[in-house]
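Student: mmCIF, C-alpha atoms, file structure-v1.cif:
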data_my_file
loop_
_atom_site.label_atom_id
_atom_site.label_comp_id
_atom_site.auth_asym_id
_atom_site.auth_seq_id
_atom_site.Cartn_x
_atom_site.Cartn_y
_atom_site.Cartn_z
CA MET A 25 121.43 83.63 134.79
CA ARG A 26 123.72 82.06 132.17
CA GLU A 27 126.28 84.11 130.28
CA LEU A 28 126.83 83.57 126.57
CA GLN A 29 129.73 85.16 124.72
CA THR A 30 129.02 86.98 121.46
CA GLN A 31 132.09 85.35 119.90
CA GLN A 32 130.44 81.95 120.26
CA ILE A 33 127.33 83.29 118.57
CA THR A 34 129.40 84.72 115.71
CA GLU A 35 131.25 81.46 115.11
CA THR A 36 128.02 79.46 115.21
CA VAL A 37 126.21 81.72 112.75
CA SER A 38 129.20 81.61 110.41
CA GLN A 39 129.27 77.81 110.37
CA LEU A 40 125.50 77.48 110.07
CA PHE A 41 125.35 79.57 106.90
CA ARG A 42 128.27 77.77 105.30
CA ASP A 43 126.70 74.38 106.04
CA ALA A 44 123.22 75.50 104.96
CA CYS A 45 124.48 76.61 101.56
CA LEU A 46 126.44 73.39 100.92
CA TYR A 47 124.31 70.58 102.35
CA LEU A 48 120.73 69.81 101.41
CA PRO A 49 118.79 68.84 104.57
CA ASN A 50 117.98 65.14 104.84
CA ASP A 51 114.23 65.70 104.96
CA VAL A 52 114.35 67.79 101.77
CA ALA A 53 116.45 65.20 99.94
CA ALA A 54 114.03 62.47 101.04
CA ALA A 55 111.06 64.52 99.78
CA ILE A 56 112.73 65.03 96.40
CA ARG A 57 113.46 61.31 96.10
CA LYS A 58 109.81 60.60 96.92
CA ALA A 59 108.75 63.09 94.26
CA ARG A 60 111.07 61.41 91.76
CA ALA A 61 109.47 58.04 92.45
CA SER A 62 105.96 59.36 91.81
CA GLU A 63 106.67 61.78 88.95
CA GLU A 64 104.91 60.74 85.74
CA SER A 65 106.66 63.11 83.33
CA PRO A 66 109.98 61.77 81.96
CA VAL A 67 111.36 65.30 81.59
CA ALA A 68 110.42 66.25 85.14
CA ALA A 69 111.79 62.96 86.47
CA GLU A 70 115.12 63.64 84.75
CA THR A 71 115.12 67.15 86.22
CA LEU A 72 114.61 65.75 89.71
CA ASP A 73 117.52 63.39 89.08
CA LYS A 74 119.67 66.40 88.21
CA ILE A 75 118.59 68.18 91.40
CA LEU A 76 119.67 65.17 93.46
CA GLU A 77 122.91 64.92 91.51
CA ASN A 78 123.55 68.61 92.14
CA ALA A 79 123.27 68.00 95.89
CA GLN A 80 125.95 65.33 95.67
CA VAL A 81 128.24 67.54 93.60
CA ALA A 82 127.86 70.33 96.16
CA ILE A 83 129.10 67.99 98.91
CA LYS A 84 131.92 66.52 96.84
CA GLU A 85 133.23 69.81 95.47
CA GLY A 86 132.45 71.97 98.48
CA ILE A 87 130.43 74.45 96.43
CA PRO A 88 127.00 75.96 97.12
CA LEU A 89 123.86 74.08 96.17
CA CYS A 90 122.73 77.22 94.34
CA GLN A 91 124.59 80.30 93.16
CA ASP A 92 121.98 82.42 94.95
CA THR A 93 123.08 82.06 98.55
CA GLY A 94 120.33 84.43 99.51
CA VAL A 95 119.35 86.95 102.11
CA ALA A 96 120.70 85.84 105.47
CA VAL A 97 117.52 85.26 107.46
CA VAL A 98 118.13 84.39 111.12
CA PHE A 99 115.58 83.21 113.66
CA LEU A 100 116.66 83.54 117.28
CA GLU A 101 114.92 82.02 120.29
CA LEU A 102 116.58 83.74 123.23
CA GLY A 103 116.06 82.23 126.66
CA GLN A 104 115.05 84.88 129.17
CA GLU A 105 117.74 83.59 131.54
CA VAL A 106 120.56 84.18 129.05
CA HIS A 107 122.85 87.18 129.43
CA ILE A 108 124.71 88.11 126.24
CA VAL A 109 128.23 89.37 127.05
CA GLY A 110 131.05 90.76 124.93
CA GLY A 111 128.90 92.91 122.67
CA ASP A 112 125.37 93.13 121.32
CA LEU A 113 123.43 90.22 119.89
CA ASN A 114 122.57 91.62 116.46
CA SER A 115 126.13 92.73 115.80
CA ALA A 116 127.35 89.25 116.71
CA VAL A 117 124.94 87.72 114.21
CA ASP A 118 125.96 90.16 111.48
CA GLU A 119 129.62 89.40 112.11
CA GLY A 120 128.82 85.69 111.77
CA VAL A 121 127.14 86.32 108.43
CA ARG A 122 130.08 88.47 107.30
CA LYS A 123 132.57 85.79 108.28
CA GLY A 124 130.58 82.85 106.93
CA TYR A 125 129.90 84.39 103.55
CA GLY A 126 133.51 85.54 103.23
CA GLN A 127 135.27 82.34 104.31
CA GLY A 128 132.72 80.17 102.52
CA TYR A 129 133.07 82.09 99.24
CA LEU A 130 129.30 82.52 99.19
CA ARG A 131 127.72 85.07 96.88
CA LYS A 132 127.02 88.38 98.56
CA SER A 133 123.62 89.63 97.41
CA MET A 134 122.59 92.41 99.79
CA VAL A 135 122.39 95.95 98.44
CA GLY A 136 121.98 99.18 100.36
CA ARG A 137 119.61 101.95 99.23
CA PRO A 138 117.40 99.33 97.56
CA TYR A 139 115.25 101.83 95.66
CA THR A 140 118.12 104.02 94.35
CA ALA A 141 121.85 103.25 94.27
CA ARG A 142 121.58 99.51 95.06
CA ALA A 143 125.27 99.32 95.96
CA ASN A 144 126.34 95.89 97.19
CA THR A 145 127.26 95.81 100.89
CA ASN A 146 129.99 93.29 99.92
CA ASP A 147 129.52 90.99 102.92
CA ASN A 148 125.84 89.99 102.72
CA THR A 149 124.95 92.00 105.81
CA PRO A 150 122.79 93.15 107.37
CA ALA A 151 121.05 89.92 108.24
CA VAL A 152 117.27 89.83 108.59
CA ILE A 153 116.95 88.90 112.26
CA HIS A 154 113.79 87.75 114.04
CA THR A 155 114.19 87.41 117.81
CA GLU A 156 111.75 85.77 120.18
CA ILE A 157 112.15 85.73 123.95
CA VAL A 158 111.39 82.28 125.37
CA PRO A 159 111.73 80.54 128.75
CA GLY A 160 115.05 78.91 129.64
CA ASP A 161 118.79 79.58 129.48
CA ARG A 162 119.59 78.62 125.91
CA LEU A 163 119.84 80.42 122.57
CA LYS A 164 118.49 78.66 119.50
CA ILE A 165 119.80 79.94 116.17
CA VAL A 166 118.23 79.04 112.84
CA ALA A 167 120.03 80.20 109.68
CA MET A 168 117.97 80.36 106.50
CA PRO A 169 119.62 81.59 103.30
CA LYS A 170 116.55 82.72 101.31
CA GLY A 171 117.02 83.04 97.56
CA GLY A 172 115.53 85.94 95.63
CA GLY A 173 113.64 83.88 93.07
CA ALA A 174 111.49 82.24 95.71
CA GLU A 175 111.26 85.23 98.05
CA ASN A 176 110.03 87.48 95.24
CA MET A 177 106.97 85.27 94.86
CA THR A 178 105.73 86.02 98.41
CA ARG A 179 102.17 87.28 98.52
CA LEU A 180 99.86 88.69 101.21
CA LYS A 181 96.13 89.14 100.97
CA MET A 182 93.66 90.43 103.51
CA LEU A 183 90.68 88.21 102.81
CA THR A 184 87.24 88.95 104.13
CA PRO A 185 86.06 86.51 106.81
CA ALA A 186 83.27 85.45 104.44
CA GLU A 187 85.86 84.03 102.01
CA GLY A 188 86.84 81.52 104.67
CA ARG A 189 88.61 78.23 104.03
CA GLN A 190 87.89 78.21 100.30
CA GLY A 191 89.34 81.68 99.96
CA VAL A 192 92.55 80.53 101.66
CA VAL A 193 92.87 77.53 99.34
CA ASP A 194 92.19 79.54 96.20
CA PHE A 195 94.67 82.27 97.15
CA ALA A 196 97.46 79.81 97.97
CA VAL A 197 96.96 77.88 94.73
CA LYS A 198 96.78 81.08 92.67
CA THR A 199 100.04 82.28 94.22
CA VAL A 200 101.85 79.11 93.15
CA GLU A 201 100.25 79.21 89.70
CA GLU A 202 101.29 82.81 89.07
CA ALA A 203 104.79 82.10 90.37
CA GLY A 204 105.27 79.41 87.73
CA SER A 205 108.91 78.41 87.35
CA ASN A 206 110.30 81.51 89.10
CA PRO A 207 110.74 79.94 92.56
CA CYS A 208 112.52 76.86 91.12
CA PRO A 209 109.95 74.12 91.83
CA PRO A 210 109.25 71.67 93.26
CA VAL A 211 108.54 74.14 96.03
CA ILE A 212 107.59 74.05 99.65
CA VAL A 213 104.55 76.24 100.25
CA GLY A 214 104.45 78.10 103.54
CA VAL A 215 101.05 79.55 104.44
CA GLY A 216 100.42 81.87 107.37
CA ILE A 217 96.85 82.57 108.45
CA GLY A 218 95.64 85.04 111.05
CA GLY A 219 97.07 87.63 113.38
CA SER A 220 97.87 90.84 111.54
CA ALA A 221 99.39 91.41 108.12
CA GLU A 222 103.00 91.24 109.30
CA HIS A 223 102.33 88.30 111.62
CA ALA A 224 100.76 86.26 108.82
CA LEU A 225 103.90 86.88 106.75
CA MET A 226 106.07 85.73 109.64
CA LEU A 227 103.98 82.59 110.10
CA SER A 228 104.33 81.75 106.42
CA LYS A 229 108.12 81.96 106.59
CA ARG A 230 108.40 80.02 109.84
CA ALA A 231 106.24 77.32 108.25
CA LEU A 232 109.11 76.61 105.84
CA LEU A 233 111.27 75.43 108.75
CA ARG A 234 109.03 72.48 109.58
CA GLU A 235 110.22 69.00 108.61
CA VAL A 236 109.20 68.67 104.97
CA GLY A 237 105.86 66.94 104.59
CA LYS A 238 105.20 66.63 108.32
CA PRO A 239 101.52 67.56 108.71
CA SER A 240 100.20 70.01 111.25
CA SER A 241 99.34 68.50 114.63
CA ASP A 242 95.91 70.14 114.27
CA SER A 243 93.64 67.91 112.18
CA GLU A 244 91.71 70.79 110.63
CA THR A 245 94.91 72.49 109.54
CA ALA A 246 96.39 69.22 108.28
CA SER A 247 93.29 68.76 106.12
CA LEU A 248 93.78 72.25 104.70
CA GLU A 249 97.43 71.47 103.91
CA ALA A 250 96.44 68.31 102.06
CA GLU A 251 93.81 70.12 100.00
CA ILE A 252 96.16 72.91 98.95
CA LEU A 253 98.90 70.39 98.05
CA ARG A 254 96.49 68.33 95.96
CA ARG A 255 95.36 71.36 93.98
CA VAL A 256 98.86 72.75 93.56
CA ASN A 257 100.08 69.48 92.11
CA LEU A 258 97.23 69.53 89.61
CA LEU A 259 98.65 72.75 88.14
CA GLY A 260 101.12 70.78 86.02
CA ILE A 261 104.02 73.22 86.49
CA GLY A 262 106.40 70.46 87.53
CA ALA A 263 110.09 70.48 88.37
CA MET A 264 111.75 73.72 87.26
CA GLY A 265 108.62 74.53 85.27
CA TYR A 266 109.08 71.75 82.69
CA GLY A 267 105.66 70.28 83.42
CA GLY A 268 104.84 67.31 85.61
CA THR A 269 102.78 65.95 88.44
CA VAL A 270 104.89 67.28 91.34
CA THR A 271 104.95 71.06 91.62
CA ALA A 272 105.15 71.17 95.44
CA LEU A 273 106.90 68.83 97.84
CA ALA A 274 104.73 69.94 100.74
CA VAL A 275 102.37 72.58 102.06
CA HIS A 276 102.88 73.77 105.63
CA VAL A 277 100.22 75.96 107.24
CA GLU A 278 100.58 77.90 110.49
CA VAL A 279 97.51 79.51 112.08
CA PHE A 280 97.01 82.30 114.63
CA PRO A 281 93.78 83.92 115.91
CA SER A 282 92.65 87.02 114.04
CA HIS A 283 90.43 90.09 114.41
CA ILE A 284 86.70 89.53 113.91
CA ALA A 285 86.81 91.66 110.73
CA SER A 286 90.01 90.17 109.27
CA LEU A 287 91.38 87.06 107.59
CA PRO A 288 95.04 87.76 106.73
CA VAL A 289 96.70 85.12 104.55
CA ALA A 290 100.35 85.08 103.48
CA VAL A 291 102.12 82.64 101.17
CA ASN A 292 105.89 82.25 101.18
CA LEU A 293 107.46 79.85 98.71
CA GLN A 294 110.72 77.98 99.17
CA CYS A 295 112.65 76.56 96.23
CA HIS A 296 113.71 72.91 96.01
CA SER A 297 117.03 73.98 97.53
CA ALA A 298 115.31 74.43 100.89
CA ARG A 299 118.33 75.41 102.94
CA HIS A 300 118.42 75.93 106.69
CA ARG A 301 120.55 74.87 109.63
CA GLU A 302 120.08 75.30 113.38
CA ALA A 303 122.03 75.09 116.60
CA VAL A 304 121.33 75.52 120.30
CA LEU A 305 123.89 77.25 122.52
#
Output the file's structure in the form of structure tokens.
Tutor:
Amino acid sequence: MRELQTQQITETVSQLFRDACLYLPNDVAAAIRKARASEESPVAAETLDKILENAQVAIKEGIPLCQDTGVAVVFLELGQEVHIVGGDLNSAVDEGVRKGYGQGYLRKSMVGRPYTARANTNDNTPAVIHTEIVPGDRLKIVAMPKGGGAENMTRLKMLTPAEGRQGVVDFAVKTVEEAGSNPCPPVIVGVGIGGSAEHALMLSKRALLREVGKPSSDSETASLEAEILRRVNLLGIGAMGYGGTVTALAVHVEVFPSHIASLPVAVNLQCHSARHREAVL
């Protein structure tokens, strides 16, 4: 059994969120540069240039990539041989969010009583924490600041099994089309298929953490990703909704078995500022 202090978790979470909000991941930047090289619309190409310029300004000036520094979503993979000491795990994560958003001067966007008073919690807590118990004696932490514009475009549909592959493609494409410019394209499209309603939603969000453009290791799923991406980029929405040939940088699909009577499909969109950072303790 390996002991892990909550203070170390707090410090790590704090740093991860500050870094995630300031530095565009290398794979995302590479995908945007690739999109810029293939974009046929002059206006969209100029917009992609501005997005890349914005990433450089964020580094130089030490300011967030986007004013919306998001809901603090945290994925934890907790080794079953790890013993957390010095407090409880969730409180340690929340303290890390509180510290990171305060010291990093990041916008605090969380409100309590969301359907009535909507008073700001003033420290961006509580975090949305997803914990998975895994083999080993390590703790993996993934910090994902998820902006409201993209998150609001999330959709879930319980398809009938008869709708099959074509139903999945049509639903994913329709979700992007109806979202339009709201999620700040070019987007990354996360698609979760199978399980139950809530599991499909989780799959769709986890799909956004994959290296941008890296196809599924399953050939059938990779083919599905390519088809959805092709159709999405025919929509003509383009960068920031100005029109163009690149509306999505990538489509990532994650699949799980489902009930014989069900075909749950969830779509979670990520804006071009696809921020996340991870660490293993």
Student: When the PyMOL selection byres ((chain A and resi 118) around 9) is applied to the file above, which residues end up in the set, as a list in words?
Tutor: Thr34, Val37, Leu113, Asn114, Ser115, Ala116, Val117, Glu119, Gly120, Val121, Arg122, Lys123, Asn148, Thr149, Pro150 and Ala151 of chain A
Student: Please, what distance in Å, to one decimal, runs between atom CA of A:Arg60 and atom CA of A:Thr269?
Tutor: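 We find that atom CA of A:Arg60 and atom CA of A:Thr269 lie 10.0 Å from each other.
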Student: Between atom CA of A:Arg301 and atom CA of A:Gly126, what is the distance, to one decimal in Å?
Tutor: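 Straight-line distance from atom CA of A:Arg301 to atom CA of A:Gly126 works out to 18.0 Å.
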Student: Give me the result of the PyMOL selection byres ((chain A and resi 225) around 10) on this file, residue by residue, as a PyMOL selection string.
Tutor: chain A and resi 178-181+214-224+226-231+288-292
Student: Residue by residue, what does the PyMOL selection byres ((chain A and resi 153) around 7) grab here? Present the result as a PyMOL selection string.
Tutor: chain A and resi 97-99+151-152+154-155
Student: Nearest residue to A:Thr271 out of A:Glu156, A:Asp112, A:Glu235, A:Glu201, using all atoms listed in the file?
Tutor: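 Checking each candidate against A:Thr271, we get A:Glu201 as the closest.
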Student: Any idea what the distance is between atom CA of A:Arg137 and atom CA of A:Glu35?
Tutor: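 So the two atoms, atom CA of A:Arg137 and atom CA of A:Glu35, lie 28.4 Å apart.
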Student: Excluding A:Arg189 and its own-chain neighbours fewer than 5 positions away, which residues fall within 12 Å of it when counting all atoms listed in the file? Please give them as a list in words.
Tutor: Leu183, Thr184, Asp194, Phe195, Ala196, Ile217, Glu244, Thr245, Ser247, Leu248, Glu249, Glu251, Ile252, Leu287, Pro288 and Val289 of chain A
Student: Restricting the calculation to only C-alpha atoms, which member of A:Ala263, A:Met25, A:Ile108, A:Val277 is positioned closest to A:Lys74?
Tutor: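 Ranked by minimum distance to A:Lys74, first place goes to A:Ala263.
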Student: Counting all atoms listed in the file, what is within 12 Å of A:Val236, bar same-chain residues fewer than 2 positions away, as a ChimeraX atom specification?
Tutor: /A:49-56,58,211-214,231-234,238-240,272-277,294,296,298-300
Student: For A:Gly128, which residue among A:Gly191, A:Gly86, A:Gly172, A:Gly262 is the nearest when counting only C-alpha atoms?
Tutor: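 Smallest distance to A:Gly128 is found for A:Gly86.
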Student: Of the residues A:Leu72, A:Ala246, A:Ile284, A:Val95, which is the one nearest to A:Pro209, using all atoms listed in the file?
Tutor: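 That would be A:Leu72, the residue with the smallest distance to A:Pro209.
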Student: Taking the point (128.0, 80.8, 94.3) as given in the file, collect each protein or nucleic acid residue that comes within 12 Å of it, counting all atoms listed in the file, and present the set as a list of chain:residue names.
Tutor: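 Applying the cut-off with all atoms listed in the file, one gets A:Arg42, A:Cys45, A:Leu46, A:Ala82, A:Gly86, A:Ile87, A:Pro88, A:Leu89, A:Cys90, A:Gln91, A:Asp92, A:Thr93, A:Gly94, A:Tyr125, A:Gly126, A:Gly128, A:Tyr129, A:Leu130, A:Arg131, A:Lys132, A:Ser133, A:Gly171.
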Student: Show me the residues close to (121.8, 89.5, 131.8) - anything with an atom within 9 Å, counting only C-alpha atoms - and format the list as a PyMOL selection string.
Tutor: chain A and resi 25-27+104-109
Student: Go through A:Ala44, A:Val67, A:Asn144, A:Lys164 one by one, measure the shortest atom-to-atom distance of each to A:Ala79 using all atoms listed in the file, and give the residue with the smallest value.
Tutor: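 When distances to A:Ala79 are compared using all atoms listed in the file, the smallest one comes from A:Ala44.
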